[in-house]
>>> print(open('run33.txt').read())   # compact mmCIF, C-alpha atoms and all ligand atoms
# COMPACT_ATOMS: atom_id res chain seq x y z
CA MET A 206 33.41 -11.36 32.75
CA LEU A 207 31.81 -8.39 31.03
CA ILE A 208 32.36 -8.27 27.29
CA LYS A 209 31.53 -5.00 25.58
CA ILE A 210 30.53 -5.74 22.00
CA PRO A 211 30.78 -2.58 19.91
CA GLN A 212 28.13 -2.46 17.21
CA GLY A 213 28.50 -0.81 13.85
CA TRP A 214 26.24 2.00 14.83
CA GLU A 215 28.03 2.50 18.17
CA LEU A 216 31.07 4.05 16.52
CA PRO A 217 31.46 7.64 17.73
CA GLU A 218 31.17 10.15 14.90
CA SER A 219 34.94 10.82 15.12
CA ALA A 220 35.73 7.13 14.55
CA ALA A 221 33.13 6.46 11.87
CA THR A 222 34.69 5.93 8.47
CA PRO A 223 32.92 7.79 5.66
CA GLU A 224 30.98 5.67 3.18
CA SER A 225 33.43 6.47 0.39
CA VAL A 226 36.32 5.06 2.42
CA PHE A 227 34.48 1.78 2.97
CA ARG A 228 34.36 1.24 -0.76
CA ASN A 229 37.49 -0.81 -0.87
CA ARG A 230 38.86 -3.40 1.40
CA ARG A 231 42.30 -1.89 1.91
CA ALA A 232 40.82 1.44 2.95
CA LEU A 233 38.50 -0.34 5.37
CA LEU A 234 41.34 -2.10 7.14
CA LYS A 235 43.50 1.04 7.19
CA GLY A 236 40.71 3.43 8.05
CA LEU A 237 39.32 1.87 11.21
CA ALA A 238 41.14 2.14 14.51
CA ALA A 239 42.76 -1.16 15.56
CA GLY A 240 40.27 -3.25 17.50
CA PRO A 241 37.62 -5.90 17.15
CA PHE A 242 36.33 -4.51 13.87
CA VAL A 243 39.67 -4.96 12.16
CA ALA A 244 40.10 -8.47 13.50
CA ALA A 245 36.56 -9.38 12.52
CA ALA A 246 36.77 -7.87 9.07
CA ALA A 247 40.11 -9.48 8.33
CA ALA A 248 38.92 -12.87 9.57
CA ALA A 249 35.91 -12.60 7.33
CA LEU A 250 37.74 -11.90 4.08
CA PRO A 251 37.66 -14.96 1.81
CA SER A 252 40.83 -16.37 0.34
CA ALA A 253 40.75 -16.60 -3.46
CA GLY A 254 40.80 -20.42 -3.25
CA ALA A 255 37.73 -20.51 -0.99
CA LEU A 256 35.53 -19.02 -3.71
CA ALA A 257 34.29 -21.31 -6.47
CA ALA A 258 32.44 -19.66 -9.35
CA ASP A 259 28.65 -19.89 -8.94
CA PRO A 260 26.71 -21.95 -11.52
CA PRO A 261 24.15 -20.02 -13.64
CA ASP A 262 21.24 -18.82 -11.49
CA PRO A 263 18.15 -21.00 -12.16
CA SER A 264 15.87 -18.16 -11.00
CA ALA A 265 17.21 -15.60 -13.51
CA LYS A 266 14.06 -16.01 -15.65
CA TYR A 267 11.91 -14.26 -13.01
CA TYR A 268 13.75 -10.93 -13.38
CA PRO A 269 12.89 -8.21 -13.93
CA ALA A 270 9.50 -8.89 -12.33
CA LYS A 271 6.60 -6.65 -13.29
CA ARG A 272 6.48 -3.56 -11.08
CA ASN A 273 3.36 -3.29 -8.91
CA GLU A 274 2.50 0.41 -9.26
CA ALA A 275 0.33 0.31 -6.13
CA TYR A 276 3.53 0.61 -4.06
CA LYS A 277 4.88 4.04 -4.97
CA VAL A 278 7.02 6.35 -2.88
CA ASP A 279 7.72 10.06 -3.34
CA ARG A 280 11.49 9.64 -3.16
CA ASP A 281 14.13 9.11 -5.82
CA ILE A 282 15.37 5.56 -6.19
CA THR A 283 18.82 5.17 -4.64
CA ASN A 284 21.52 4.47 -7.17
CA GLU A 285 22.38 0.78 -7.29
CA VAL A 286 26.10 1.17 -6.57
CA SER A 287 25.40 3.05 -3.33
CA ALA A 288 22.78 0.55 -2.12
CA SER A 289 24.82 -2.53 -2.95
CA SER A 290 28.07 -1.31 -1.41
CA TRP A 291 26.78 -0.15 1.97
CA ASN A 292 25.27 -3.15 3.71
CA ASN A 293 24.64 -4.58 7.14
CA PHE A 294 25.20 -8.33 7.28
CA TYR A 295 26.95 -9.13 10.56
CA GLU A 296 27.62 -12.71 9.48
CA TYR A 297 30.18 -11.17 7.09
CA MET A 298 31.30 -8.02 8.89
CA PRO A 299 30.07 -6.76 12.26
CA ALA A 300 29.69 -3.16 11.08
CA ALA A 301 27.96 -1.50 8.15
CA GLY A 302 30.14 -1.10 5.07
CA ASN A 303 31.14 -2.66 1.80
CA ILE A 304 30.91 -6.41 2.38
CA THR A 305 30.60 -7.49 -1.26
CA ALA A 306 33.86 -9.48 -1.19
CA GLN A 307 33.17 -11.20 2.13
CA ALA A 308 29.59 -12.08 1.16
CA GLN A 309 30.79 -14.09 -1.85
CA GLN A 310 31.36 -16.95 0.63
CA LEU A 311 27.58 -17.35 0.89
CA LYS A 312 26.51 -20.43 -1.13
CA VAL A 313 22.95 -19.94 -2.36
CA ARG A 314 22.36 -23.28 -4.16
CA PRO A 315 21.11 -25.70 -3.11
CA TRP A 316 19.01 -23.66 -0.66
CA GLU A 317 16.24 -25.20 1.38
CA VAL A 318 13.60 -23.44 3.41
CA LYS A 319 11.96 -25.19 6.38
CA ILE A 320 8.39 -24.45 7.40
CA THR A 321 8.06 -25.57 11.00
CA GLY A 322 6.08 -25.26 14.21
CA MET A 323 2.35 -24.69 14.49
CA VAL A 324 1.35 -25.54 10.93
CA ASP A 325 -0.94 -28.11 9.37
CA LYS A 326 2.09 -30.18 8.31
CA PRO A 327 5.74 -29.05 8.58
CA PHE A 328 7.67 -29.27 5.31
CA THR A 329 10.92 -28.36 3.60
CA ILE A 330 10.95 -26.77 0.17
CA GLY A 331 13.80 -25.90 -2.19
CA PHE A 332 14.07 -22.18 -2.92
CA ASP A 333 13.54 -22.68 -6.68
CA ASP A 334 10.42 -24.81 -6.03
CA LEU A 335 9.09 -22.12 -3.72
CA LEU A 336 9.33 -19.55 -6.53
CA THR A 337 7.01 -21.66 -8.71
CA LYS A 338 4.28 -21.40 -6.05
CA VAL A 339 4.19 -17.62 -5.54
CA GLN A 340 3.34 -14.53 -7.57
CA MET A 341 6.53 -12.57 -8.33
CA GLU A 342 6.35 -8.79 -8.53
CA GLU A 343 8.50 -5.69 -8.04
CA ARG A 344 7.79 -3.07 -5.37
CA VAL A 345 9.60 0.19 -4.66
CA TYR A 346 9.94 0.65 -0.90
CA ARG A 347 11.74 2.94 1.50
CA HIS A 348 14.23 1.34 3.90
CA ARG A 349 15.29 3.06 7.14
CA CYS A 350 18.19 1.60 9.12
CA VAL A 351 18.22 2.22 12.88
CA GLU A 352 21.71 3.71 12.30
CA THR A 353 19.96 6.59 10.42
CA TRP A 354 20.99 5.79 6.84
CA SER A 355 18.16 5.08 4.40
CA MET A 356 17.50 4.05 0.82
CA THR A 357 14.64 3.65 -1.65
CA VAL A 358 14.94 0.52 -3.76
CA PRO A 359 12.97 -1.72 -6.13
CA TRP A 360 12.71 -5.14 -4.49
CA SER A 361 11.56 -8.19 -6.46
CA GLY A 362 9.85 -11.05 -4.70
CA PHE A 363 6.46 -11.99 -3.33
CA ALA A 364 4.04 -11.04 -0.56
CA LEU A 365 4.90 -12.81 2.69
CA LYS A 366 1.23 -13.70 3.05
CA HIS A 367 1.61 -16.06 0.03
CA LEU A 368 4.17 -18.02 2.04
CA VAL A 369 1.94 -17.95 5.13
CA ASP A 370 -0.91 -19.37 3.00
CA LEU A 371 1.35 -22.17 1.73
CA ALA A 372 2.41 -22.96 5.31
CA LYS A 373 -1.20 -23.32 6.55
CA PRO A 374 -0.58 -22.13 10.14
CA LEU A 375 -2.84 -23.37 12.93
CA GLY A 376 -5.28 -20.84 14.39
CA SER A 377 -3.28 -20.95 17.61
CA ALA A 378 -0.06 -19.61 15.95
CA LYS A 379 0.50 -15.97 16.97
CA TYR A 380 3.99 -15.21 15.67
CA LEU A 381 6.22 -15.99 12.73
CA LYS A 382 9.88 -16.43 13.62
CA MET A 383 12.42 -16.22 10.76
CA VAL A 384 15.94 -17.57 11.02
CA THR A 385 19.13 -16.98 9.00
CA PHE A 386 21.54 -19.84 8.20
CA ASN A 387 24.11 -20.83 10.82
CA ASP A 388 27.29 -22.07 9.13
CA LYS A 389 30.74 -21.08 10.34
CA ASP A 390 32.39 -22.24 7.12
CA MET A 391 30.13 -20.09 4.98
CA ALA A 392 30.26 -17.09 7.33
CA PRO A 393 33.45 -17.04 9.42
CA VAL A 394 32.18 -14.23 11.67
CA GLN A 395 29.75 -16.82 13.07
CA ARG A 396 32.81 -18.24 14.87
CA GLN A 397 32.60 -15.17 17.13
CA PHE A 398 30.77 -16.89 19.97
CA TRP A 399 29.65 -13.68 21.70
CA TRP A 400 26.97 -12.99 19.09
CA PRO A 401 23.67 -14.90 19.50
CA TRP A 402 23.77 -16.74 16.15
CA PRO A 403 21.76 -17.53 14.15
CA TYR A 404 20.27 -14.11 13.33
CA THR A 405 16.59 -14.36 14.23
CA GLU A 406 13.67 -12.04 13.72
CA GLY A 407 9.93 -12.20 14.22
CA LEU A 408 6.58 -10.66 13.35
CA THR A 409 3.07 -11.15 14.65
CA ILE A 410 0.86 -13.13 12.27
CA GLN A 411 -1.09 -9.89 11.64
CA GLU A 412 2.13 -8.14 10.59
CA ALA A 413 3.29 -11.10 8.51
CA THR A 414 0.02 -11.18 6.57
CA HIS A 415 -0.12 -7.40 6.09
CA ASP A 416 -0.07 -6.32 2.43
CA LEU A 417 3.28 -4.55 2.81
CA ALA A 418 5.21 -7.49 4.31
CA PHE A 419 7.37 -8.84 1.51
CA ILE A 420 9.91 -11.58 0.87
CA ALA A 421 12.53 -10.15 -1.45
CA THR A 422 14.44 -12.47 -3.76
CA GLY A 423 15.90 -9.75 -5.95
CA ILE A 424 16.65 -6.05 -6.21
CA TYR A 425 17.11 -3.63 -9.15
CA GLY A 426 15.53 -6.18 -11.51
CA GLN A 427 18.05 -8.97 -10.74
CA PRO A 428 18.32 -11.93 -8.38
CA MET A 429 19.44 -10.83 -4.92
CA PRO A 430 23.15 -10.08 -4.63
CA LYS A 431 24.72 -11.97 -1.74
CA GLN A 432 25.46 -8.88 0.35
CA HIS A 433 21.73 -8.03 0.40
CA GLY A 434 20.82 -11.46 1.83
CA ALA A 435 20.43 -13.88 -1.06
CA PRO A 436 18.48 -15.89 -1.89
CA LEU A 437 15.55 -14.60 0.19
CA ARG A 438 15.14 -11.98 2.91
CA LEU A 439 12.36 -10.17 4.70
CA VAL A 440 11.30 -6.60 3.84
CA VAL A 441 8.99 -4.74 6.26
CA PRO A 442 9.41 -1.09 5.26
CA TRP A 443 7.64 0.50 8.23
CA LYS A 444 10.16 -1.02 10.67
CA TYR A 445 13.84 -0.34 11.29
CA GLY A 446 16.05 -2.25 8.88
CA PHE A 447 17.32 -4.74 11.47
CA LYS A 448 13.94 -6.52 11.26
CA ALA A 449 14.73 -7.37 7.61
CA VAL A 450 16.36 -10.73 8.32
CA LYS A 451 18.55 -11.98 5.46
CA SER A 452 19.26 -15.40 3.89
CA ILE A 453 16.34 -17.12 5.64
CA VAL A 454 16.38 -20.91 6.13
CA GLU A 455 13.43 -21.33 8.48
CA PHE A 456 9.94 -19.92 8.96
CA ASN A 457 8.66 -21.10 12.34
CA PHE A 458 5.06 -20.52 13.41
CA THR A 459 4.69 -20.25 17.16
CA ASP A 460 2.49 -18.97 19.97
CA GLN A 461 5.56 -17.55 21.81
CA ARG A 462 6.99 -14.14 20.93
CA PRO A 463 10.45 -14.87 19.50
CA THR A 464 13.49 -13.26 21.10
CA THR A 465 15.46 -11.64 18.33
CA PHE A 466 19.20 -11.32 17.62
CA TRP A 467 19.29 -7.64 18.58
CA GLU A 468 17.02 -8.01 21.61
CA THR A 469 19.43 -10.61 22.97
CA THR A 470 22.48 -8.50 22.13
CA GLY A 471 21.23 -5.14 23.43
CA PRO A 472 17.90 -5.47 25.25
CA ARG A 473 17.95 -1.88 26.49
CA GLU A 474 18.25 -0.55 22.94
CA TYR A 475 16.50 -2.98 20.59
CA GLY A 476 13.14 -4.62 20.91
CA PHE A 477 10.65 -6.79 19.10
CA TRP A 478 8.54 -4.10 17.44
CA ALA A 479 11.11 -1.66 16.02
CA ASN A 480 8.57 0.55 14.26
CA VAL A 481 10.15 3.71 12.82
CA ASN A 482 9.34 6.86 14.80
CA PRO A 483 11.27 10.13 14.43
CA ALA A 484 10.00 11.30 17.84
CA VAL A 485 11.45 8.37 19.78
CA ALA A 486 15.22 8.67 19.96
CA HIS A 487 17.52 5.68 20.18
CA PRO A 488 19.13 5.80 23.66
CA ARG A 489 22.32 7.15 22.05
CA TRP A 490 21.18 9.22 19.05
CA SER A 491 18.23 11.05 17.52
CA GLN A 492 15.98 9.31 14.99
CA ALA A 493 14.50 12.61 13.74
CA GLU A 494 16.47 12.62 10.49
CA GLU A 495 18.06 10.19 8.08
CA ARG A 496 20.73 10.27 5.38
CA PRO A 497 19.66 8.71 2.07
CA LEU A 498 22.56 6.63 0.68
CA GLY A 499 24.39 8.21 -2.22
CA GLY A 500 24.57 11.71 -0.76
CA ASN A 501 25.28 13.71 2.35
CA ARG A 502 22.04 15.62 2.80
CA LYS A 503 19.69 14.73 5.63
CA VAL A 504 15.91 14.50 5.36
CA PRO A 505 13.24 14.22 8.05
CA THR A 506 12.28 10.69 9.08
CA LEU A 507 8.56 9.89 8.93
CA ILE A 508 6.42 7.99 11.42
CA TYR A 509 6.27 4.33 10.37
CA ASN A 510 8.77 5.38 7.69
CA GLY A 511 5.93 6.94 5.68
CA TYR A 512 3.63 3.88 5.86
CA GLY A 513 1.49 5.04 8.81
CA GLU A 514 -1.76 5.08 6.87
CA GLN A 515 -1.36 1.42 6.02
CA VAL A 516 0.04 0.05 9.28
CA ALA A 517 -0.89 2.24 12.27
CA SER A 518 -4.09 0.26 12.82
CA LEU A 519 -2.01 -2.88 13.49
CA TYR A 520 -0.95 -1.31 16.78
CA ALA A 521 -4.22 0.27 17.92
CA GLY A 522 -5.15 -0.77 21.45
CA MET A 523 -1.76 -2.30 22.29
CA PRO A 524 -0.94 -2.34 26.02
CA ALA A 525 0.94 0.81 27.09
CA ASN A 526 3.97 -1.17 28.21
CA GLU A 527 4.71 -2.42 24.67
CA LYS A 528 7.74 -0.55 23.32
CA LEU A 529 6.43 -0.13 19.79
CA PHE A 530 9.28 2.11 18.61
CA MET A 531 12.44 0.33 19.74
N1 LIG A 601 20.13 -10.07 8.49
C1 LIG A 601 21.15 -10.81 8.92
N2 LIG A 601 21.06 -12.16 8.82
N3 LIG A 601 22.27 -10.28 9.45
C2 LIG A 601 22.39 -8.92 9.61
O1 LIG A 601 23.41 -8.46 10.14
N4 LIG A 601 21.37 -6.72 9.30
C3 LIG A 601 20.08 -6.01 9.31
C4 LIG A 601 19.18 -6.50 8.18
N5 LIG A 601 19.19 -7.95 8.08
C5 LIG A 601 21.33 -8.09 9.17
C6 LIG A 601 20.21 -8.71 8.57
C7 LIG A 601 20.21 -4.55 9.23
S1 LIG A 601 20.78 -3.80 10.65
C8 LIG A 601 19.84 -3.85 8.13
S2 LIG A 601 19.79 -2.14 8.15
C9 LIG A 601 19.49 -4.52 6.87
O2 LIG A 601 19.62 -5.93 6.95
C10 LIG A 601 20.39 -4.00 5.75
O3 LIG A 601 19.99 -4.51 4.51
P1 LIG A 601 20.89 -4.21 3.23
O4 LIG A 601 22.30 -4.52 3.61
O5 LIG A 601 20.38 -5.11 2.16
O6 LIG A 601 20.70 -2.77 2.91
>>> encode(input="run33.txt", output="structure tokens")
Amino acid sequence: MLIKIPQGWELPESAATPESVFRNRRALLKGLAAGPFVAAAAAALPSAGALAADPPDPSAKYYPAKRNEAYKVDRDITNEVSASSWNNFYEYMPAAGNITAQAQQLKVRPWEVKITGMVDKPFTIGFDDLLTKVQMEERVYRHRCVETWSMTVPWSGFALKHLVDLAKPLGSAKYLKMVTFNDKDMAPVQRQFWWPWPYTEGLTIQEATHDLAFIATGIYGQPMPKQHGAPLRLVVPWKYGFKAVKSIVEFNFTDQRPTTFWETTGPREYGFWANVNPAVAHPRWSQAEERPLGGNRKVPTLIYNGYGEQVASLYAGMPANEKLFM
């Protein structure tokens, strides 16, 4: 049997609901045509009883982290309301939109992170312990979603290379695979068996240890809101946003290139590298322009999302058959 899984960014322009309409749950359910989105969104909405109040956040003392002025961008920072009410987190709603209510089902304490695979010694560390071992800072980065929306936000967190150092990978490890939680009670959309849960992403070790690769634990000077992927998510600003795996529970070092969530779902449209390139169209739309959240104007998209000077050398001499921009 052939199952066609519509993705958020597959909606035809006529069916796409404007951002403003997504801002409340009733409008979302009324505004989309009947179909899998409605069923999925409704199934994902938490009942009031399912949500217990969160205890005080033990990591609150790290915020705001000191801004690292070395990471500047020539764009205005997106307003917080726009960035935190237009999210992609398929575990809570298989389409971009306002998922703040659904994401409250995510339980972020206790939260353990496993370091596995080709490392000196595999270990598990609590998220709050991990924060005592890294250097927290704030960085303003661009973010470009493959769907063509974009934002510029101050992330708080630490360089991914600090975590790689803690993990002590073996010289033979070539890739870092990162995995989101898999828990149907915490994320009811994970009951939809046709998606390849858990959400998985990967980088080469060279990419993971690049200066720009960042683990974000907060945004706008506060601990990470659930809809952005609390308590920790990847940020690689030169790649399309789907690489930025949220709510990570495992960092696995391996010599095999990981197959990612989107590669499994749509191998003709999404690949491992996913570097931003305005000249390489998605099979169904142009990537030449983007729409910064919080407005309707479009701006040109930049090669490597404006980070070419820093990252282009990572891809020099790659075999011609590598699809670096999908
Ligand atoms: N991580 C998980 N686990 N699940 C997802 O659906 N969506 C990705 C990425 N990380 C996604 C994810 C996509 S497509 C984008 S554009 C960014 O998260 C969006 O991040 P934001 O919602 O914080 O803006």
>>> residues_near_ligand(input="run33.txt", ligand="ligand LIG 601 (chain A)", cutoff="6 Å", atoms="only C-alpha atoms and all ligand atoms", output="list in words")
Asn292, Asn293, Phe294, Tyr295, Glu296, Cys350, Thr385, Tyr404, His433, Gly446, Phe447, Ala449, Val450 and Lys451 of chain A
>>> residues_around(input="run33.txt", residues="Asp370 (chain A)", least_positions_apart="4", cutoff="12 Å", atoms="all atoms listed in the file", output="VMD selection string")
chain A and resid 320 324 to 325 338 to 339 364 to 366 374 to 375 410 413 to 414
>>> atom_distance(input="run33.txt", atom1="CA of Asp333 (chain A)", atom2="CA of Ser289 (chain A)")
23.4 Å
>>> residues_around(input="run33.txt", residues="Asn284 (chain A)", least_positions_apart="4", cutoff="12 Å", atoms="all atoms listed in the file", output="JSON, numbers by chain")
{"A": [280, 288, 289, 290, 291, 356, 357, 358, 359, 424, 425, 497, 498, 499, 500]}
>>> residues_around(input="run33.txt", residues="Trp316 (chain A)", least_positions_apart="2", cutoff="9 Å", atoms="all atoms listed in the file", output="list in words")
Lys312, Val313, Arg314, Val318, Ile330, Gly331, Phe332, Asp333, Pro436 and Val454 of chain A
>>> atom_distance(input="run33.txt", atom1="CA of Val394 (chain A)", atom2="CA of Val286 (chain A)")
24.6 Å
>>> atom_distance(input="run33.txt", atom1="CA of Val351 (chain A)", atom2="CA of Tyr445 (chain A)")
5.3 Å
>>> residues_around(input="run33.txt", residues="region 506-519 of chain A", least_positions_apart="5", cutoff="12 Å", atoms="only C-alpha atoms", output="number ranges by chain")
A: 276-280, 346-351, 353-357, 408-418, 441-446, 478-486, 491-497, 529-531
>>> residues_near_point(input="run33.txt", point="(20.1, -13.8, -6.2)", cutoff="12 Å", atoms="only C-alpha atoms", output="number ranges by chain")
A: 259-269, 309, 311-314, 316, 332-333, 360-362, 421-438, 451-452
>>> build_atoms(input="run33.txt", residues="region 260-270 of chain A", atoms="all heavy atoms", output="short mmCIF file (atom, residue, chain, number, x, y, z; two decimals), in the frame of the given file")
data_model
loop_
_atom_site.label_atom_id
_atom_site.label_comp_id
_atom_site.auth_asym_id
_atom_site.auth_seq_id
_atom_site.Cartn_x
_atom_site.Cartn_y
_atom_site.Cartn_z
N PRO A 260 27.34 -21.50 -10.28
CA PRO A 260 26.71 -21.95 -11.52
C PRO A 260 25.65 -20.93 -11.96
O PRO A 260 25.26 -20.08 -11.15
CB PRO A 260 26.06 -23.28 -11.13
CG PRO A 260 25.94 -23.25 -9.65
CD PRO A 260 26.99 -22.31 -9.12
N PRO A 261 25.17 -20.99 -13.22
CA PRO A 261 24.15 -20.02 -13.64
C PRO A 261 22.94 -20.07 -12.71
O PRO A 261 22.58 -21.14 -12.21
CB PRO A 261 23.75 -20.52 -15.04
CG PRO A 261 24.85 -21.44 -15.46
CD PRO A 261 25.52 -21.95 -14.23
N ASP A 262 22.34 -18.91 -12.45
CA ASP A 262 21.24 -18.82 -11.49
C ASP A 262 19.94 -19.34 -12.11
O ASP A 262 19.43 -18.76 -13.06
CB ASP A 262 21.08 -17.35 -11.09
CG ASP A 262 20.09 -17.17 -9.96
OD1 ASP A 262 19.13 -17.97 -9.87
OD2 ASP A 262 20.27 -16.24 -9.17
N PRO A 263 19.37 -20.44 -11.58
CA PRO A 263 18.15 -21.00 -12.16
C PRO A 263 16.94 -20.09 -12.02
O PRO A 263 15.92 -20.30 -12.68
CB PRO A 263 17.94 -22.31 -11.38
CG PRO A 263 18.83 -22.25 -10.19
CD PRO A 263 19.86 -21.18 -10.42
N SER A 264 17.03 -19.04 -11.17
CA SER A 264 15.87 -18.16 -11.00
C SER A 264 15.95 -16.92 -11.88
O SER A 264 15.06 -16.06 -11.82
CB SER A 264 15.73 -17.76 -9.53
OG SER A 264 16.78 -16.86 -9.18
N ALA A 265 17.00 -16.83 -12.72
CA ALA A 265 17.21 -15.60 -13.51
C ALA A 265 15.98 -15.25 -14.35
O ALA A 265 15.71 -14.07 -14.60
CB ALA A 265 18.45 -15.75 -14.38
N LYS A 266 15.22 -16.26 -14.76
CA LYS A 266 14.06 -16.01 -15.65
C LYS A 266 12.96 -15.15 -14.99
O LYS A 266 12.11 -14.62 -15.68
CB LYS A 266 13.46 -17.33 -16.12
CG LYS A 266 12.99 -18.25 -15.01
CD LYS A 266 12.39 -19.53 -15.59
CE LYS A 266 11.88 -20.47 -14.53
NZ LYS A 266 12.87 -21.41 -14.02
N TYR A 267 12.97 -15.04 -13.69
CA TYR A 267 11.91 -14.26 -13.01
C TYR A 267 12.19 -12.75 -13.01
O TYR A 267 11.36 -11.97 -12.54
CB TYR A 267 11.76 -14.70 -11.56
CG TYR A 267 11.26 -16.12 -11.43
CD1 TYR A 267 12.12 -17.15 -11.02
CD2 TYR A 267 9.93 -16.43 -11.71
CE1 TYR A 267 11.65 -18.45 -10.90
CE2 TYR A 267 9.47 -17.73 -11.60
CZ TYR A 267 10.33 -18.73 -11.19
OH TYR A 267 9.88 -20.00 -11.08
N TYR A 268 13.35 -12.35 -13.49
CA TYR A 268 13.75 -10.93 -13.38
C TYR A 268 13.93 -10.30 -14.73
O TYR A 268 14.44 -10.96 -15.63
CB TYR A 268 15.04 -10.83 -12.55
CG TYR A 268 14.89 -11.52 -11.22
CD1 TYR A 268 15.25 -12.86 -11.09
CD2 TYR A 268 14.34 -10.85 -10.14
CE1 TYR A 268 15.06 -13.52 -9.87
CE2 TYR A 268 14.16 -11.50 -8.93
CZ TYR A 268 14.53 -12.84 -8.80
OH TYR A 268 14.34 -13.48 -7.61
N PRO A 269 13.56 -9.03 -14.92
CA PRO A 269 12.89 -8.21 -13.93
C PRO A 269 11.43 -8.62 -13.77
O PRO A 269 10.77 -8.96 -14.77
CB PRO A 269 12.99 -6.79 -14.50
CG PRO A 269 13.14 -7.00 -15.98
CD PRO A 269 13.84 -8.31 -16.17
N ALA A 270 10.92 -8.60 -12.56
CA ALA A 270 9.50 -8.89 -12.33
C ALA A 270 8.70 -7.62 -12.62
O ALA A 270 9.23 -6.52 -12.55
CB ALA A 270 9.31 -9.32 -10.88
#
